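Here the structure comes first, spelled out in structure tokens, and everything after it is commentary.
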There are 2 protein chains.
Amino acid sequence: MSERGSSDDYEETRPIRVRSSTAEWAAAILRRRVTQGGLLPGSRLVEDELAAELEVSRNTLREAFRLLGHERLLEHKLNRGVYVRVLSPADVADIYRVRRMIEGAAVRRPDKDPVSLAALRDAVADAETAAGKGHWLDVGTADLRYHQIIASLLGSRRVNAMMAQTLAELRLVFHAMDPRALHAPFLPRNRDLLALLESGRDAEAEHLLATYLDEAERLLLAACAAAVTPI
Amino acid sequence: MSERGSSDDYEETRPIRVRSSTAEWAAAILRRRVTQGGLLPGSRLVEDELAAELEVSRNTLREAFRLLGHERLLEHKLNRGVYVRVLSPADVADIYRVRRMIEGAAVRRPDKDPVSLAALRDAVADAETAAGKGHWLDVGTADLRYHQIIASLLGSRRVNAMMAQTLAELRLVFHAMDPRALHAPFLPRNRDLLALLESGRDAEAEHLLATYLDEAERLLLAACAAAVTPI
DNA sequence: TCTTATCAGATTGTTGAACAATCCTTATAT
DNA sequence: ATATAAGGATTGTTCAACAATCTGATAAGA
């Protein structure tokens, strides 16, 4: 029934559906498959097949599609079906414009929440542990968490939501890259940035973040352009 | 069939549906009703009634509900129905956190697009014309357009989308206030801000914007708190 | 050969009816 | 007055059907 071996297979049964609709449950499963790479960008999602596999009706599945389409993880082409979003280089550049805006504002903000700083330390530690074991996918997860926490310094539910969506979208490109080449360069910088934040050297932190984002963008743009122009 | 006299009645027939699904068409109509005040916050949207009125099936209508729920214009309570969102003071405060972040970043950005500056001039002129005629709702529309253009200075599709959604949400509170009291104070400031932007005095612009947003937030928070605590 | 037209198959878009699950209100009993 | 139970109303979800549209292959024409 459900494809085994894929990393999101655990708990695909319905305990999550304690207090949410079937559509949201289906959306949650698809969201995980997309972000974790079980469904690669460009894949087509056929209504009949998926509905049968998830054991929901086509109508319910279509409600889930609408949700994920709005999150920009799926692309809905009228009369042509639903596809996992394929990011263009322009999308990557745009995502980094958003990241600069959000994370820049967060780093610049004066009094940082100590709880968030502690959470940042955890994320850095987790990333380094995972790196030590060679688990580069986990490093990526910890890295995204790190930046989500950075955004949360602004203390805004809506900004948190924007950031989460933006990072989920960005993750679509990750699967086009070697995870080690992608994450290794930023491991020490996350620690450096945290140190600057903790000691209140915000101007330096802002500068480090800027160069950080510039380089990450360059890396992903390259990978993305290569994936778009394989021939 | 459709309630006559409501301000969004024109063109509710289906010319818009040139290349979009029925669900999106229904969502567009509901979105307009909500943002233009035809449907007030707290109103309940009953599936059967609305489906009959819009002449779409319940399933299609539910797809539209999902879209607008994701835009935070409607609130979906499981097994209890769909309601036009009611913003709490905390929501208003959060929206203004977002506005400060986005518009602040936009104003701070060095080289402004001349086309956008021209569009800002138009918006200011439209607002002043409407104010002269006493059309305060149109003033509000022009004002929102003004700030949407401000955001567009960042040149990011995603930021534009975030801003559009945020302003649509904010508009929910507008209906709880006298439009003149809400918009009149900001008419001259929009012009002043534009002048500062055109002459490149970005620091002053940033400061003016900050005080602008602070005062607008205060006004709306008051109205919002009064609406929440009528007894 | 290259283009255009046609056609069948497959998939999506949308509907209407049906029924279960849940909520809300009212009536009843304690 | 409080608690419980019944009933109606609305939502949640499914199913089957058909129309609309796309896709690809085949056939006809330049």
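In the structure tokens, the first chain shown is A, the next is B, and so on; residue numbers restart at 1 for each chain, and ligands run from 1 in the order shown.
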
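By only C-alpha atoms (C1' of nucleotides), and with residues fewer than 4 positions from Ser156 in chain B along its chain excluded, the set lying at most 10 Å from it is Ala90, Asp91, Ala93, Asp94, Ile95, Tyr96, Arg97 and Val98 of chain A; Ala151, Ser152, Asn160, Ala161 and Met162 of chain B.
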
If you keep C-alpha atoms, can you produce a file of those selected residues as an mmCIF file, in the first residue's frame?
data_model
loop_
_atom_site.group_PDB
_atom_site.id
_atom_site.type_symbol
_atom_site.label_atom_id
_atom_site.label_comp_id
_atom_site.auth_asym_id
_atom_site.auth_seq_id
_atom_site.Cartn_x
_atom_site.Cartn_y
_atom_site.Cartn_z
ATOM 1 C CA ALA A 90 14.294 32.952 -9.964
ATOM 2 C CA ASP A 91 12.381 31.226 -7.163
ATOM 3 C CA ALA A 93 16.641 34.127 -5.601
ATOM 4 C CA ASP A 94 13.253 35.274 -4.411
ATOM 5 C CA ILE A 95 13.329 32.965 -1.428
ATOM 6 C CA TYR A 96 16.661 34.449 -0.437
ATOM 7 C CA ARG A 97 15.234 37.934 -0.710
ATOM 8 C CA VAL A 98 12.641 36.823 1.820
ATOM 9 C CA ALA B 151 6.326 46.557 -0.126
ATOM 10 C CA SER B 152 6.877 45.968 -3.825
ATOM 11 C CA ASN B 160 4.278 41.013 -2.430
ATOM 12 C CA ALA B 161 2.061 38.024 -1.757
ATOM 13 C CA MET B 162 2.709 38.160 1.983
#

Inset, instruction - Identify every residue of chain B that has at least one atom within 10 Å of any atom of chain D, counting only C-alpha atoms (C1' of nucleotides), and report the result as number ranges by chain. - result: B: 46-48, 77-82

Same residues, N, CA, C and O atoms, saved as a short mmCIF file (atom, residue, chain, number, x, y, z; two decimals), in the first residue's frame:
data_model
loop_
_atom_site.label_atom_id
_atom_site.label_comp_id
_atom_site.auth_asym_id
_atom_site.auth_seq_id
_atom_site.Cartn_x
_atom_site.Cartn_y
_atom_site.Cartn_z
N VAL B 46 -22.80 29.13 5.75
CA VAL B 46 -23.42 27.81 5.73
C VAL B 46 -23.25 27.18 4.35
O VAL B 46 -23.58 27.81 3.34
N GLU B 47 -22.76 25.96 4.34
CA GLU B 47 -22.41 25.34 3.07
C GLU B 47 -23.60 25.24 2.11
O GLU B 47 -23.48 25.64 0.95
N ASP B 48 -24.70 24.71 2.59
CA ASP B 48 -25.85 24.52 1.71
C ASP B 48 -26.33 25.84 1.10
O ASP B 48 -26.53 25.94 -0.10
N LYS B 77 -13.84 25.89 11.70
CA LYS B 77 -13.94 25.16 12.96
C LYS B 77 -14.52 23.78 12.67
O LYS B 77 -15.63 23.67 12.14
N LEU B 78 -13.77 22.77 13.04
CA LEU B 78 -14.15 21.40 12.68
C LEU B 78 -15.55 21.07 13.19
O LEU B 78 -15.85 21.26 14.37
N ASN B 79 -16.35 20.60 12.29
CA ASN B 79 -17.74 20.20 12.60
C ASN B 79 -18.64 21.36 13.01
O ASN B 79 -19.79 21.14 13.37
N ARG B 80 -18.11 22.57 12.96
CA ARG B 80 -18.89 23.70 13.41
C ARG B 80 -19.11 24.74 12.34
O ARG B 80 -19.85 25.70 12.55
N GLY B 81 -18.44 24.57 11.22
CA GLY B 81 -18.68 25.50 10.13
C GLY B 81 -17.56 26.49 9.89
O GLY B 81 -16.54 26.48 10.58
N VAL B 82 -17.79 27.33 8.93
CA VAL B 82 -16.79 28.30 8.50
C VAL B 82 -17.29 29.70 8.84
O VAL B 82 -18.46 30.01 8.62
#

Kindly assemble as JSON lines a list of the chain B residues that lie within 9 Å of chain A, each paired with its nearest atom pair and their distance in Å to one decimal, using only C-alpha atoms, sorted first by chain and then by ascending residue number.
{"residue": "B:Arg19", "atom": "CA", "partner": "A:Leu78", "partner_atom": "CA", "distance": 8.1}
{"residue": "B:Ser20", "atom": "CA", "partner": "A:Leu78", "partner_atom": "CA", "distance": 7.2}
{"residue": "B:Ser21", "atom": "CA", "partner": "A:Leu78", "partner_atom": "CA", "distance": 7.2}
{"residue": "B:Asn59", "atom": "CA", "partner": "A:Asn59", "partner_atom": "CA", "distance": 6.8}
{"residue": "B:Thr60", "atom": "CA", "partner": "A:Asn59", "partner_atom": "CA", "distance": 8.7}
{"residue": "B:Arg62", "atom": "CA", "partner": "A:Glu63", "partner_atom": "CA", "distance": 7.4}
{"residue": "B:Glu63", "atom": "CA", "partner": "A:Glu63", "partner_atom": "CA", "distance": 5.4}
{"residue": "B:Ala64", "atom": "CA", "partner": "A:Arg66", "partner_atom": "CA", "distance": 8.5}
{"residue": "B:Arg66", "atom": "CA", "partner": "A:Leu67", "partner_atom": "CA", "distance": 6.5}
{"residue": "B:Leu67", "atom": "CA", "partner": "A:Arg66", "partner_atom": "CA", "distance": 6.5}
{"residue": "B:His70", "atom": "CA", "partner": "A:Leu67", "partner_atom": "CA", "distance": 7.0}
{"residue": "B:Glu71", "atom": "CA", "partner": "A:His70", "partner_atom": "CA", "distance": 8.6}
{"residue": "B:Leu78", "atom": "CA", "partner": "A:Ser21", "partner_atom": "CA", "distance": 7.1}
{"residue": "B:Asp91", "atom": "CA", "partner": "A:Arg157", "partner_atom": "CA", "distance": 8.9}
{"residue": "B:Ala93", "atom": "CA", "partner": "A:Ser156", "partner_atom": "CA", "distance": 8.9}
{"residue": "B:Asp94", "atom": "CA", "partner": "A:Ser156", "partner_atom": "CA", "distance": 5.7}
{"residue": "B:Ile95", "atom": "CA", "partner": "A:Arg158", "partner_atom": "CA", "distance": 7.5}
{"residue": "B:Arg97", "atom": "CA", "partner": "A:Ser156", "partner_atom": "CA", "distance": 6.7}
{"residue": "B:Val98", "atom": "CA", "partner": "A:Val159", "partner_atom": "CA", "distance": 6.6}
{"residue": "B:Met101", "atom": "CA", "partner": "A:Ala105", "partner_atom": "CA", "distance": 6.5}
{"residue": "B:Ile102", "atom": "CA", "partner": "A:Met101", "partner_atom": "CA", "distance": 7.3}
{"residue": "B:Ala105", "atom": "CA", "partner": "A:Met101", "partner_atom": "CA", "distance": 6.5}
{"residue": "B:Leu154", "atom": "CA", "partner": "A:Arg97", "partner_atom": "CA", "distance": 8.1}
{"residue": "B:Gly155", "atom": "CA", "partner": "A:Arg97", "partner_atom": "CA", "distance": 8.5}
{"residue": "B:Ser156", "atom": "CA", "partner": "A:Asp94", "partner_atom": "CA", "distance": 5.8}
{"residue": "B:Arg157", "atom": "CA", "partner": "A:Asp94", "partner_atom": "CA", "distance": 7.0}
{"residue": "B:Arg158", "atom": "CA", "partner": "A:Asp94", "partner_atom": "CA", "distance": 7.0}
{"residue": "B:Val159", "atom": "CA", "partner": "A:Val98", "partner_atom": "CA", "distance": 6.6}
{"residue": "B:Met162", "atom": "CA", "partner": "A:Met162", "partner_atom": "CA", "distance": 7.8}
{"residue": "B:Thr166", "atom": "CA", "partner": "A:Arg158", "partner_atom": "CA", "distance": 9.0}

Please provide the set of residues having any atom within 10 Å of Leu182 in chain A, restricted to only C-alpha atoms (C1' of nucleotides), with same-chain residues fewer than 3 positions apart removed, written as a compact mmCIF listing (two decimals) with N, CA, C and O atoms, in the first residue's frame.
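The result, written out as part_11.txt:
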# COMPACT_ATOMS: atom_id res chain seq x y z
N TRP A 136 24.06 13.65 7.14
CA TRP A 136 23.95 15.01 6.61
C TRP A 136 22.52 15.47 6.41
O TRP A 136 22.23 16.66 6.42
N VAL A 139 21.67 16.93 9.57
CA VAL A 139 22.31 18.24 9.67
C VAL A 139 21.43 19.28 9.00
O VAL A 139 21.20 20.37 9.55
N GLY A 140 20.91 18.92 7.84
CA GLY A 140 20.03 19.85 7.13
C GLY A 140 18.80 20.20 7.95
O GLY A 140 18.41 21.37 8.05
N PHE A 174 16.86 21.26 -2.03
CA PHE A 174 17.91 20.51 -1.34
C PHE A 174 18.13 19.17 -2.00
O PHE A 174 19.26 18.69 -2.10
N MET A 177 20.84 18.47 -4.47
CA MET A 177 22.25 18.69 -4.11
C MET A 177 22.76 17.59 -3.19
O MET A 177 21.99 16.97 -2.46
N ASP A 178 24.05 17.44 -3.20
CA ASP A 178 24.69 16.57 -2.22
C ASP A 178 24.57 17.24 -0.86
O ASP A 178 25.03 18.37 -0.67
N PRO A 179 23.93 16.56 0.09
CA PRO A 179 23.65 17.22 1.37
C PRO A 179 24.90 17.65 2.12
O PRO A 179 24.90 18.67 2.81
N PRO A 185 29.57 23.65 4.77
CA PRO A 185 30.19 24.98 4.87
C PRO A 185 29.54 25.87 5.93
O PRO A 185 30.17 26.84 6.38
N PHE A 186 28.30 25.55 6.33
CA PHE A 186 27.59 26.49 7.18
C PHE A 186 27.57 26.07 8.64
O PHE A 186 27.11 26.80 9.51
N LEU A 187 28.09 24.88 8.87
CA LEU A 187 28.11 24.37 10.23
C LEU A 187 28.84 25.31 11.18
O LEU A 187 28.28 25.72 12.21
N ALA A 216 25.02 30.80 0.51
CA ALA A 216 24.03 29.72 0.39
C ALA A 216 23.22 29.89 -0.89
O ALA A 216 22.97 28.92 -1.62
N LEU A 219 25.26 28.74 -3.88
CA LEU A 219 25.33 27.28 -3.94
C LEU A 219 24.06 26.69 -4.54
O LEU A 219 24.11 25.87 -5.47
N LEU A 220 22.94 27.13 -4.00
CA LEU A 220 21.67 26.54 -4.43
C LEU A 220 21.31 26.98 -5.85
O LEU A 220 20.74 26.21 -6.62
N ALA A 223 23.16 24.69 -8.15
CA ALA A 223 22.55 23.36 -8.21
C ALA A 223 21.24 23.40 -8.98
O ALA A 223 20.93 22.52 -9.79

Inset, instruction - May I ask you to extract the residues of chain C within 7 Å of chain B, using only C-alpha atoms (C1' of nucleotides), and to give them as a list in words? - result: DT15, DT22 and DC23 of chain C

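Our summary of the geometry notes that CA of Leu39 in chain A is positioned 23.1 Å from CA of Gln148 in chain A.
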
Inset, instruction - Taking the chain letters and numbering used in this document, name the residues of range 88-222 of chain A that DSSP puts in alpha helix (DSSP H), as a count of residues only. - result: 113

Inset, instruction - Go through A:Ala52, A:Val107, A:Ile149, A:Leu87 one by one, measure the shortest atom-to-atom distance of each to Ala123 in chain A using only C-alpha atoms, and give the residue with the smallest value. - result: A:Ile149

Legend entry - strand (DSSP E) call set, DSSP backbone run, range 2-173 of chain A, as a list of chain:residue names: A:Arg44, A:Leu45, A:Leu74, A:Glu75, A:His76, A:Lys77, A:Gly81, A:Val82, A:Tyr83, A:Val84

Inset, instruction - Just the residues within 8 Å of range 188-192 of chain A, please, counting only C-alpha atoms (C1' of nucleotides), with nothing from its chain fewer than 5 positions along; format it as JSON, numbers by chain. - result: {"A": [121, 124, 146, 212]}

Please dump the current selection as an mmCIF file, in the first residue's frame; keep N, CA, C and O atoms.
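The result, stored in out.cif:
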data_model
loop_
_atom_site.group_PDB
_atom_site.id
_atom_site.type_symbol
_atom_site.label_atom_id
_atom_site.label_comp_id
_atom_site.auth_asym_id
_atom_site.auth_seq_id
_atom_site.Cartn_x
_atom_site.Cartn_y
_atom_site.Cartn_z
ATOM 1 N N ARG A 121 21.336 27.228 20.552
ATOM 2 C CA ARG A 121 22.464 26.397 20.976
ATOM 3 C C ARG A 121 22.165 24.923 20.745
ATOM 4 O O ARG A 121 23.008 24.168 20.250
ATOM 5 N N VAL A 124 22.460 24.052 17.088
ATOM 6 C CA VAL A 124 23.859 23.960 16.657
ATOM 7 C C VAL A 124 24.478 22.656 17.133
ATOM 8 O O VAL A 124 25.156 21.949 16.367
ATOM 9 N N TYR A 146 17.437 25.812 13.002
ATOM 10 C CA TYR A 146 18.223 26.961 13.463
ATOM 11 C C TYR A 146 17.676 28.268 12.873
ATOM 12 O O TYR A 146 17.421 29.232 13.602
ATOM 13 N N TYR A 212 26.597 34.863 4.785
ATOM 14 C CA TYR A 212 26.061 33.507 4.884
ATOM 15 C C TYR A 212 24.999 33.291 3.814
ATOM 16 O O TYR A 212 25.063 32.351 2.994
#

Legend entry - Neighbour list for Cys224 in chain B as JSON, numbers by chain, cut-off 7 Å, only C-alpha atoms (C1' of nucleotides), skip fewer than 5 positions in-chain: {"B": [88, 89, 173]}
